[in-house]
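**Student:** My structure file run.pdb, PDB, C-alpha atoms, pLDDT in the B column, is below:
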ATOM      1  CA  MET S 151       7.626 -20.458 -15.440  1.00 86.00           C
ATOM      2  CA  THR S 152       6.736 -16.765 -15.414  1.00 92.00           C
ATOM      3  CA  THR S 153       8.352 -14.920 -12.511  1.00 96.00           C
ATOM      4  CA  ILE S 154       7.176 -11.850 -10.594  1.00 97.00           C
ATOM      5  CA  ALA S 155       9.886  -9.862 -12.384  1.00 97.00           C
ATOM      6  CA  ASP S 156       8.556 -11.089 -15.737  1.00 97.00           C
ATOM      7  CA  ARG S 157       5.012 -10.075 -14.806  1.00 97.00           C
ATOM      8  CA  ILE S 158       6.117  -6.613 -13.698  1.00 98.00           C
ATOM      9  CA  SER S 159       7.867  -6.178 -17.031  1.00 97.00           C
ATOM     10  CA  ILE S 160       4.749  -7.333 -18.906  1.00 97.00           C
ATOM     11  CA  ALA S 161       2.551  -4.931 -16.921  1.00 97.00           C
ATOM     12  CA  GLN S 162       4.908  -2.031 -17.606  1.00 97.00           C
ATOM     13  CA  SER S 163       4.934  -2.893 -21.315  1.00 97.00           C
ATOM     14  CA  ARG S 164       1.121  -2.894 -21.368  1.00 96.00           C
ATOM     15  CA  MET S 165       1.057   0.474 -19.638  1.00 97.00           C
ATOM     16  CA  SER S 166       3.630   1.922 -22.040  1.00 97.00           C
ATOM     17  CA  GLN S 167       1.717   0.678 -25.076  1.00 97.00           C
ATOM     18  CA  ALA S 168      -1.559   2.051 -23.703  1.00 97.00           C
ATOM     19  CA  ALA S 169       0.095   5.428 -23.120  1.00 98.00           C
ATOM     20  CA  GLN S 170       1.579   5.523 -26.616  1.00 97.00           C
ATOM     21  CA  ASN S 171      -1.800   4.611 -28.104  1.00 97.00           C
ATOM     22  CA  CYS S 172      -3.269   7.842 -26.738  1.00 96.00           C
ATOM     23  CA  SER S 173      -0.156   9.993 -27.282  1.00 97.00           C
ATOM     24  CA  ARG S 174       0.808  10.145 -23.616  1.00 97.00           C
ATOM     25  CA  SER S 175       4.262   9.668 -22.153  1.00 97.00           C
ATOM     26  CA  PRO S 176       4.637   6.365 -20.259  1.00 96.00           C
ATOM     27  CA  SER S 177       6.524   8.317 -17.593  1.00 96.00           C
ATOM     28  CA  GLU S 178       3.234   9.993 -16.590  1.00 96.00           C
ATOM     29  CA  ILE S 179       1.801   6.709 -15.291  1.00 98.00           C
ATOM     30  CA  SER S 180       3.025   4.749 -12.281  1.00 98.00           C
ATOM     31  CA  LEU S 181       2.425   1.144 -11.341  1.00 98.00           C
ATOM     32  CA  LEU S 182       1.036   0.360  -7.900  1.00 98.00           C
ATOM     33  CA  ALA S 183       1.648  -3.312  -7.120  1.00 98.00           C
ATOM     34  CA  VAL S 184      -1.227  -4.582  -4.972  1.00 97.00           C
ATOM     35  CA  SER S 185       0.419  -6.933  -2.521  1.00 97.00           C
ATOM     36  CA  LYS S 186      -2.511  -7.701  -0.207  1.00 95.00           C
ATOM     37  CA  THR S 187      -2.518 -11.300   1.144  1.00 94.00           C
ATOM     38  CA  LYS S 188       0.887 -11.900  -0.450  1.00 96.00           C
ATOM     39  CA  PRO S 189       3.944 -12.863   1.600  1.00 96.00           C
ATOM     40  CA  ILE S 190       6.789 -10.495   2.386  1.00 97.00           C
ATOM     41  CA  SER S 191       9.067 -12.620   0.189  1.00 97.00           C
ATOM     42  CA  ASP S 192       6.971 -11.689  -2.867  1.00 97.00           C
ATOM     43  CA  ILE S 193       7.301  -7.982  -2.052  1.00 98.00           C
ATOM     44  CA  ILE S 194      11.077  -8.351  -1.747  1.00 98.00           C
ATOM     45  CA  THR S 195      11.169 -10.157  -5.103  1.00 98.00           C
ATOM     46  CA  ALA S 196       9.172  -7.343  -6.716  1.00 98.00           C
ATOM     47  CA  TYR S 197      11.433  -4.775  -5.059  1.00 98.00           C
ATOM     48  CA  GLN S 198      14.492  -6.498  -6.486  1.00 98.00           C
ATOM     49  CA  ALA S 199      12.834  -6.205  -9.915  1.00 98.00           C
ATOM     50  CA  GLY S 200      12.631  -2.441  -9.453  1.00 98.00           C
ATOM     51  CA  GLN S 201       9.127  -2.019  -8.024  1.00 98.00           C
ATOM     52  CA  ARG S 202       8.829   0.595  -5.261  1.00 98.00           C
ATOM     53  CA  ARG S 203       5.102   1.312  -4.793  1.00 98.00           C
ATOM     54  CA  PHE S 204       2.988  -1.273  -2.992  1.00 98.00           C
ATOM     55  CA  GLY S 205      -0.713  -1.212  -2.111  1.00 98.00           C
ATOM     56  CA  GLU S 206      -2.279  -2.910   0.891  1.00 98.00           C
ATOM     57  CA  ASN S 207      -5.993  -3.390   1.646  1.00 96.00           C
ATOM     58  CA  TYR S 208      -5.919  -4.641   5.223  1.00 97.00           C
ATOM     59  CA  VAL S 209      -4.702  -2.499   8.101  1.00 97.00           C
ATOM     60  CA  GLN S 210      -3.008  -5.071  10.342  1.00 97.00           C
ATOM     61  CA  GLU S 211      -1.458  -6.970   7.452  1.00 97.00           C
ATOM     62  CA  GLY S 212      -0.083  -3.757   5.988  1.00 98.00           C
ATOM     63  CA  GLU S 213       1.296  -2.639   9.332  1.00 98.00           C
ATOM     64  CA  SER S 214       3.146  -5.924   9.867  1.00 98.00           C
ATOM     65  CA  LYS S 215       4.707  -5.788   6.399  1.00 98.00           C
ATOM     66  CA  ILE S 216       5.797  -2.175   6.804  1.00 98.00           C
ATOM     67  CA  THR S 217       7.296  -2.909  10.215  1.00 98.00           C
ATOM     68  CA  ALA S 218       9.179  -5.911   8.828  1.00 98.00           C
ATOM     69  CA  LEU S 219      10.503  -4.209   5.702  1.00 98.00           C
ATOM     70  CA  THR S 220      11.121  -0.539   6.482  1.00 96.00           C
ATOM     71  CA  GLY S 221      14.554  -1.076   8.029  1.00 96.00           C
ATOM     72  CA  ASP S 222      16.036  -2.807   4.988  1.00 97.00           C
ATOM     73  CA  TYR S 223      13.853  -1.181   2.317  1.00 98.00           C
ATOM     74  CA  PRO S 224      13.236   2.405   3.454  1.00 97.00           C
ATOM     75  CA  ASP S 225      12.437   3.653  -0.050  1.00 97.00           C
ATOM     76  CA  ILE S 226       9.306   1.515  -0.429  1.00 98.00           C
ATOM     77  CA  GLU S 227       6.244   3.744  -0.814  1.00 98.00           C
ATOM     78  CA  TRP S 228       3.282   2.240   1.040  1.00 98.00           C
ATOM     79  CA  HIS S 229      -0.261   2.927  -0.171  1.00 98.00           C
ATOM     80  CA  PHE S 230      -3.406   2.003   1.748  1.00 98.00           C
ATOM     81  CA  ILE S 231      -6.132   1.218  -0.784  1.00 97.00           C
ATOM     82  CA  GLY S 232      -8.779  -0.627   1.224  1.00 95.00           C
ATOM     83  CA  PRO S 233     -11.822   0.436   3.245  1.00 94.00           C
ATOM     84  CA  LEU S 234     -10.895   2.000   6.571  1.00 95.00           C
ATOM     85  CA  GLN S 235     -12.886   1.965   9.788  1.00 93.00           C
ATOM     86  CA  SER S 236     -12.475   4.986  12.039  1.00 94.00           C
ATOM     87  CA  ASN S 237     -11.066   2.860  14.880  1.00 95.00           C
ATOM     88  CA  LYS S 238      -8.101   1.865  12.682  1.00 96.00           C
ATOM     89  CA  THR S 239      -7.095   5.264  11.292  1.00 98.00           C
ATOM     90  CA  LYS S 240      -4.162   5.564  13.712  1.00 98.00           C
ATOM     91  CA  ILE S 241      -2.309   2.640  12.111  1.00 98.00           C
ATOM     92  CA  VAL S 242      -2.661   4.146   8.627  1.00 98.00           C
ATOM     93  CA  ALA S 243      -1.706   7.624   9.872  1.00 98.00           C
ATOM     94  CA  GLU S 244       1.426   6.291  11.583  1.00 98.00           C
ATOM     95  CA  HIS S 245       2.698   3.830   8.986  1.00 98.00           C
ATOM     96  CA  PHE S 246       1.540   4.554   5.437  1.00 98.00           C
ATOM     97  CA  ASP S 247       2.715   7.160   2.925  1.00 98.00           C
ATOM     98  CA  TRP S 248      -0.530   7.292   0.954  1.00 98.00           C
ATOM     99  CA  MET S 249      -4.222   6.757   1.670  1.00 98.00           C
ATOM    100  CA  HIS S 250      -6.432   6.281  -1.413  1.00 98.00           C
ATOM    101  CA  THR S 251      -9.879   5.756   0.084  1.00 97.00           C
ATOM    102  CA  VAL S 252     -10.844   8.895   1.992  1.00 98.00           C
ATOM    103  CA  SER S 253     -14.572   9.494   1.581  1.00 96.00           C
ATOM    104  CA  ARG S 254     -15.653  11.079   4.888  1.00 96.00           C
ATOM    105  CA  ASP S 255     -14.716  14.191   6.870  1.00 97.00           C
ATOM    106  CA  LYS S 256     -14.416  12.110  10.034  1.00 97.00           C
ATOM    107  CA  ILE S 257     -11.790   9.788   8.562  1.00 98.00           C
ATOM    108  CA  ALA S 258      -9.818  12.720   7.137  1.00 98.00           C
ATOM    109  CA  GLN S 259      -9.868  14.539  10.471  1.00 98.00           C
ATOM    110  CA  ARG S 260      -8.696  11.475  12.388  1.00 98.00           C
ATOM    111  CA  LEU S 261      -5.874  10.795   9.921  1.00 98.00           C
ATOM    112  CA  ASN S 262      -4.769  14.413  10.249  1.00 98.00           C
ATOM    113  CA  ASP S 263      -4.868  14.386  14.041  1.00 98.00           C
ATOM    114  CA  GLN S 264      -3.034  11.054  14.303  1.00 98.00           C
ATOM    115  CA  ARG S 265      -0.280  11.721  11.754  1.00 98.00           C
ATOM    116  CA  PRO S 266       3.053  11.812  13.648  1.00 98.00           C
ATOM    117  CA  SER S 267       4.734  15.218  13.687  1.00 96.00           C
ATOM    118  CA  ASN S 268       8.035  13.738  12.506  1.00 96.00           C
ATOM    119  CA  LYS S 269       6.495  12.445   9.274  1.00 97.00           C
ATOM    120  CA  PRO S 270       5.606  14.452   6.170  1.00 98.00           C
ATOM    121  CA  PRO S 271       1.909  15.041   5.473  1.00 98.00           C
ATOM    122  CA  LEU S 272      -0.015  11.907   4.517  1.00 98.00           C
ATOM    123  CA  ASN S 273      -0.785  11.900   0.790  1.00 98.00           C
ATOM    124  CA  VAL S 274      -4.497  11.295   0.281  1.00 98.00           C
ATOM    125  CA  CYS S 275      -6.861  10.599  -2.585  1.00 98.00           C
ATOM    126  CA  ILE S 276     -10.609  11.011  -2.345  1.00 98.00           C
ATOM    127  CA  GLN S 277     -12.433   7.820  -3.282  1.00 97.00           C
ATOM    128  CA  VAL S 278     -15.319   8.656  -5.589  1.00 97.00           C
ATOM    129  CA  ASN S 279     -18.318   6.378  -6.082  1.00 94.00           C
ATOM    130  CA  ILE S 280     -18.184   7.068  -9.801  1.00 90.00           C
ATOM    131  CA  SER S 281     -20.650   4.279 -10.662  1.00 83.00           C
ATOM    132  CA  GLN S 282     -23.066   5.561  -7.993  1.00 80.00           C
ATOM    133  CA  GLU S 283     -23.807   2.017  -6.845  1.00 74.00           C
ATOM    134  CA  ASP S 284     -25.292   1.719  -3.351  1.00 74.00           C
ATOM    135  CA  SER S 285     -22.945  -1.161  -2.537  1.00 72.00           C
ATOM    136  CA  LYS S 286     -19.803   0.808  -3.398  1.00 77.00           C
ATOM    137  CA  SER S 287     -17.657   2.870  -1.079  1.00 85.00           C
ATOM    138  CA  GLY S 288     -16.759   6.413  -1.973  1.00 94.00           C
ATOM    139  CA  VAL S 289     -18.134   9.918  -1.869  1.00 95.00           C
ATOM    140  CA  HIS S 290     -20.948  10.951  -4.218  1.00 94.00           C
ATOM    141  CA  VAL S 291     -19.824  12.929  -7.248  1.00 93.00           C
ATOM    142  CA  ASN S 292     -21.723  15.994  -6.030  1.00 94.00           C
ATOM    143  CA  ASP S 293     -19.890  15.972  -2.681  1.00 95.00           C
ATOM    144  CA  VAL S 294     -16.313  15.769  -3.964  1.00 97.00           C
ATOM    145  CA  ALA S 295     -15.699  19.530  -3.942  1.00 97.00           C
ATOM    146  CA  THR S 296     -16.867  19.891  -0.327  1.00 98.00           C
ATOM    147  CA  LEU S 297     -14.639  17.057   0.897  1.00 98.00           C
ATOM    148  CA  ALA S 298     -11.680  18.374  -1.106  1.00 98.00           C
ATOM    149  CA  LEU S 299     -12.031  21.771   0.567  1.00 98.00           C
ATOM    150  CA  PHE S 300     -12.146  20.152   4.005  1.00 98.00           C
ATOM    151  CA  ILE S 301      -9.030  18.030   3.363  1.00 98.00           C
ATOM    152  CA  SER S 302      -7.115  20.955   1.884  1.00 97.00           C
ATOM    153  CA  GLN S 303      -7.373  22.786   5.207  1.00 97.00           C
ATOM    154  CA  LEU S 304      -5.863  19.947   7.258  1.00 98.00           C
ATOM    155  CA  PRO S 305      -2.131  20.591   7.775  1.00 98.00           C
ATOM    156  CA  ASN S 306      -1.051  16.954   8.145  1.00 98.00           C
ATOM    157  CA  LEU S 307      -2.745  15.751   4.966  1.00 98.00           C
ATOM    158  CA  ARG S 308      -1.841  16.551   1.374  1.00 98.00           C
ATOM    159  CA  LEU S 309      -4.645  16.180  -1.137  1.00 98.00           C
ATOM    160  CA  ARG S 310      -3.127  14.495  -4.197  1.00 98.00           C
ATOM    161  CA  GLY S 311      -6.090  13.411  -6.282  1.00 98.00           C
ATOM    162  CA  LEU S 312      -8.961  11.036  -6.869  1.00 98.00           C
ATOM    163  CA  MET S 313      -9.439   7.273  -6.838  1.00 97.00           C
ATOM    164  CA  ALA S 314     -12.311   5.118  -8.066  1.00 95.00           C
ATOM    165  CA  ILE S 315     -13.302   1.514  -8.622  1.00 90.00           C
ATOM    166  CA  PRO S 316     -15.641   1.491 -11.632  1.00 88.00           C
ATOM    167  CA  THR S 317     -18.505  -0.846 -12.373  1.00 86.00           C
ATOM    168  CA  ALA S 318     -17.377  -4.468 -12.703  1.00 85.00           C
ATOM    169  CA  THR S 319     -18.308  -4.974 -16.335  1.00 86.00           C
ATOM    170  CA  ASP S 320     -16.902  -5.985 -19.706  1.00 86.00           C
ATOM    171  CA  ASP S 321     -18.925  -3.219 -21.370  1.00 89.00           C
ATOM    172  CA  THR S 322     -16.233  -0.817 -22.536  1.00 89.00           C
ATOM    173  CA  ARG S 323     -18.804   1.956 -23.071  1.00 92.00           C
ATOM    174  CA  ILE S 324     -19.650   1.963 -19.359  1.00 92.00           C
ATOM    175  CA  GLN S 325     -15.965   1.854 -18.406  1.00 91.00           C
ATOM    176  CA  GLN S 326     -15.223   4.716 -20.776  1.00 93.00           C
ATOM    177  CA  GLN S 327     -18.091   6.813 -19.426  1.00 94.00           C
ATOM    178  CA  GLU S 328     -17.104   6.352 -15.791  1.00 94.00           C
ATOM    179  CA  PHE S 329     -13.402   6.973 -16.334  1.00 95.00           C
ATOM    180  CA  ALA S 330     -14.188  10.098 -18.374  1.00 96.00           C
ATOM    181  CA  SER S 331     -16.450  11.367 -15.579  1.00 95.00           C
ATOM    182  CA  LEU S 332     -13.692  10.910 -13.020  1.00 96.00           C
ATOM    183  CA  LYS S 333     -11.190  12.678 -15.278  1.00 97.00           C
ATOM    184  CA  SER S 334     -13.569  15.621 -15.588  1.00 97.00           C
ATOM    185  CA  LEU S 335     -13.826  15.876 -11.788  1.00 96.00           C
ATOM    186  CA  TYR S 336     -10.061  15.607 -11.528  1.00 97.00           C
ATOM    187  CA  ASP S 337      -9.510  18.429 -14.031  1.00 97.00           C
ATOM    188  CA  GLN S 338     -11.870  20.686 -12.080  1.00 96.00           C
ATOM    189  CA  LEU S 339     -10.071  20.025  -8.789  1.00 96.00           C
ATOM    190  CA  GLN S 340      -6.653  20.512 -10.351  1.00 95.00           C
ATOM    191  CA  GLN S 341      -7.548  24.092 -11.194  1.00 95.00           C
ATOM    192  CA  GLN S 342      -8.139  24.810  -7.498  1.00 95.00           C
ATOM    193  CA  TYR S 343      -5.460  22.747  -5.767  1.00 95.00           C
ATOM    194  CA  PRO S 344      -1.882  22.828  -7.093  1.00 85.00           C
ATOM    195  CA  ASN S 345      -0.816  19.639  -5.279  1.00 88.00           C
ATOM    196  CA  ILE S 346      -3.292  17.496  -7.194  1.00 96.00           C
ATOM    197  CA  ASP S 347      -1.443  15.245  -9.622  1.00 97.00           C
ATOM    198  CA  THR S 348      -2.828  11.744  -9.098  1.00 98.00           C
ATOM    199  CA  LEU S 349      -5.721  10.002 -10.809  1.00 98.00           C
ATOM    200  CA  SER S 350      -5.732   6.488  -9.368  1.00 97.00           C
ATOM    201  CA  MET S 351      -7.879   4.371 -11.658  1.00 96.00           C
ATOM    202  CA  GLY S 352      -7.505   1.237 -13.712  1.00 94.00           C
ATOM    203  CA  MET S 353      -6.552  -2.341 -12.955  1.00 93.00           C
ATOM    204  CA  SER S 354      -5.238  -5.164 -15.119  1.00 89.00           C
ATOM    205  CA  SER S 355      -8.615  -5.722 -16.798  1.00 89.00           C
ATOM    206  CA  ASP S 356      -9.252  -2.097 -17.794  1.00 92.00           C
ATOM    207  CA  LEU S 357      -5.939  -0.252 -17.639  1.00 93.00           C
ATOM    208  CA  ASP S 358      -5.968   0.587 -21.361  1.00 94.00           C
ATOM    209  CA  ILE S 359      -9.227   2.537 -21.089  1.00 95.00           C
ATOM    210  CA  ALA S 360      -8.156   4.090 -17.783  1.00 96.00           C
ATOM    211  CA  ILE S 361      -4.882   5.347 -19.263  1.00 97.00           C
ATOM    212  CA  ALA S 362      -6.690   6.678 -22.340  1.00 97.00           C
ATOM    213  CA  ASN S 363      -8.821   8.711 -19.928  1.00 97.00           C
ATOM    214  CA  GLY S 364      -5.934  10.201 -17.989  1.00 97.00           C
ATOM    215  CA  SER S 365      -5.042   7.724 -15.248  1.00 98.00           C
ATOM    216  CA  THR S 366      -1.699   8.473 -13.596  1.00 98.00           C
ATOM    217  CA  MET S 367      -1.608   5.368 -11.385  1.00 98.00           C
ATOM    218  CA  VAL S 368      -2.867   1.864 -12.128  1.00 98.00           C
ATOM    219  CA  ARG S 369      -3.362  -0.783  -9.446  1.00 97.00           C
ATOM    220  CA  ILE S 370      -2.291  -4.292 -10.425  1.00 97.00           C
ATOM    221  CA  GLY S 371      -2.308  -7.293  -8.120  1.00 95.00           C
ATOM    222  CA  SER S 372      -2.894 -10.816  -9.442  1.00 92.00           C
ATOM    223  CA  ALA S 373      -1.266 -10.037 -12.803  1.00 94.00           C
ATOM    224  CA  ILE S 374       1.976  -9.457 -10.870  1.00 97.00           C
ATOM    225  CA  PHE S 375       1.746 -11.761  -7.855  1.00 95.00           C
ATOM    226  CA  GLY S 376      -0.581 -14.475  -9.194  1.00 86.00           C
ATOM    227  CA  GLU S 377      -4.048 -15.420  -8.014  1.00 78.00           C
ATOM    228  CA  ARG S 378      -4.751 -15.487  -4.310  1.00 63.00           C
TER
END
Now that the file is in, can you turn its structure into structure tokens?
**Tutor:**
Amino acid sequence: MTTIADRISIAQSRMSQAAQNCSRSPSEISLLAVSKTKPISDIITAYQAGQRRFGENYVQEGESKITALTGDYPDIEWHFIGPLQSNKTKIVAEHFDWMHTVSRDKIAQRLNDQRPSNKPPLNVCIQVNISQEDSKSGVHVNDVATLALFISQLPNLRLRGLMAIPTATDDTRIQQQEFASLKSLYDQLQQQYPNIDTLSMGMSSDLDIAIANGSTMVRIGSAIFGER
């Protein structure tokens, strides 16, 4: 039987091979284990296998896990990667270390205002609707620069980069095009904002193409924790 530790090792090997294939250092790319809907025991098992970054999609579930685990596992880095309604920003601002899905001024302002003064600035990524699908969350490509400027002026947020969920397709040409577009946006922002160092794109199905196009963080869930 394949264990969570085995699956983490397999994922890291895939990431390393993908990095080597495009002459990048594997150390440039981090693994975000998506632990949504999974029990606390699975997170502890992954932690014991060396995993430190965990992504949650649901506010209350994430809050309960953080509350349960922070005392014994203070070095876990908690990332919120799901859609966020404005009436739930306080929980993310108070508990998480990272927020990947900022796409509106209002959400950014609320996160800034609600971030506790005894915590470091909340690391944020702008979610970009890189596929420009009406059903997708994220800011339009043309509005990224405006939102980045707004976030950069908020003292309790630290703009770290961009995140996107590309078109759900097996067509590698479409995946390549969308990842390359996001990388281009990322490179432009990096020239303006020195803190930017994170390009959050790629999951288990497309991490090779994402890494070839500059991803610095891949989000893997079921390939580590099993199907929901």
**Student:** Go ahead and fit an axis-aligned box to every listed atom of segment 309-315 of chain S plus 8 Å each side, and pass me the centre and edge lengths in Å, one decimal, as lines of an AutoDock Vina configuration file.
**Tutor:**
center_x = -8.2
center_y = 8.8
center_z = -4.9
size_x = 26.2
size_y = 30.7
size_z = 23.5
**Student:** Care to translate the PyMOL selection byres ((chain S and resi 211) around 12) into actual residues of this file, as a PyMOL selection string?
**Tutor:** chain S and resi 185-190+205-210+212-218+230+232+241-242+245
**Student:** List the spatial neighbours of Ile276 of chain S as a list in words - criterion: any atom at most 9 Å away, all atoms listed in the file, same-chain residues fewer than 4 positions off excluded.
**Tutor:**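 Result of the neighbour search: Met249, His250, Thr251, Val252, Ser253, Arg254, Gly288, Val289, Val294, Leu297, Ala298, Leu309, Arg310, Gly311, Leu312, Met313 and Ala314 of chain S.
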**Student:** Specify as a VMD selection string each residue included when the PyMOL selection byres ((chain S and resi 239) around 10) is applied to this file.
**Tutor:** chain S and resid 209 234 to 238 240 to 244 257 to 265
**Student:** Given only C-alpha atoms as the basis, pick out the residue of S:Leu304, S:Ile158, S:Ala295, S:Val274 nearest to Gln341 of chain S.
**Tutor:**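 That would be S:Ala295, the residue with the smallest distance to Gln341 of chain S.
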**Student:** To one decimal in Å, tell me the separation between atom CA of Thr319 of chain S and atom CA of Ser331 of chain S.
**Tutor:**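 Taking atom CA of Thr319 of chain S as the start and atom CA of Ser331 of chain S as the end point, the length is 16.5 Å.
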**Student:** So how far away is atom CA of Gln327 of chain S from atom CA of Val291 of chain S, in Å?
**Tutor:**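 Atom-to-atom, atom CA of Val291 of chain S to atom CA of Gln327 of chain S, that is 13.7 Å.
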**Student:** Pick the closest to Asp192 of chain S from S:Leu219, S:Ser166, S:Trp248, S:Arg369: which is it, counting only C-alpha atoms?
**Tutor:**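 Smallest separation from Asp192 of chain S among the options: S:Leu219.
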**Student:** Compile the contact shell of segment 352-368 of chain S as a PyMOL selection string: residues with an atom at most 7 Å away, counting all atoms listed in the file, same-chain residues fewer than 4 positions apart removed.
**Tutor:** chain S and resi 168-169+172+178-182+326+329-330+333+348+373
**Student:** Suppose you want the space between atom CA of Gln325 of chain S and atom CA of Arg157 of chain S; what is it in Å?
**Tutor:**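 Separation of atom CA of Gln325 of chain S and atom CA of Arg157 of chain S: 24.4 Å.
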**Student:** Check what the PyMOL selection byres ((chain S and resi 203) around 6) selects in the file above and give those residues as number ranges by chain.
**Tutor:** S: 182, 202, 204, 227
**Student:** Just checking: using all atoms listed in the file, which residue out of S:Ala183, S:Asp255, S:Arg308, S:Leu339 ends up closest to Ile226 of chain S?
**Tutor:** S:Ala183
**Student:** Counting only C-alpha atoms, figure out which residue out of S:Asn279, S:Asp284, S:Asn306, S:Phe300 gets nearest to Asp247 of chain S.
**Tutor:**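 When distances to Asp247 of chain S are compared using only C-alpha atoms, the smallest one comes from S:Asn306.
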**Student:** Go through S:Ile370, S:Ala318, S:Met351, S:Ile301 one by one, measure the shortest atom-to-atom distance of each to Arg164 of chain S using only C-alpha atoms, and give the residue with the smallest value.
**Tutor:**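 Of S:Ile370, S:Ala318, S:Met351, S:Ile301, the one nearest Arg164 of chain S, counting only C-alpha atoms, is S:Ile370.
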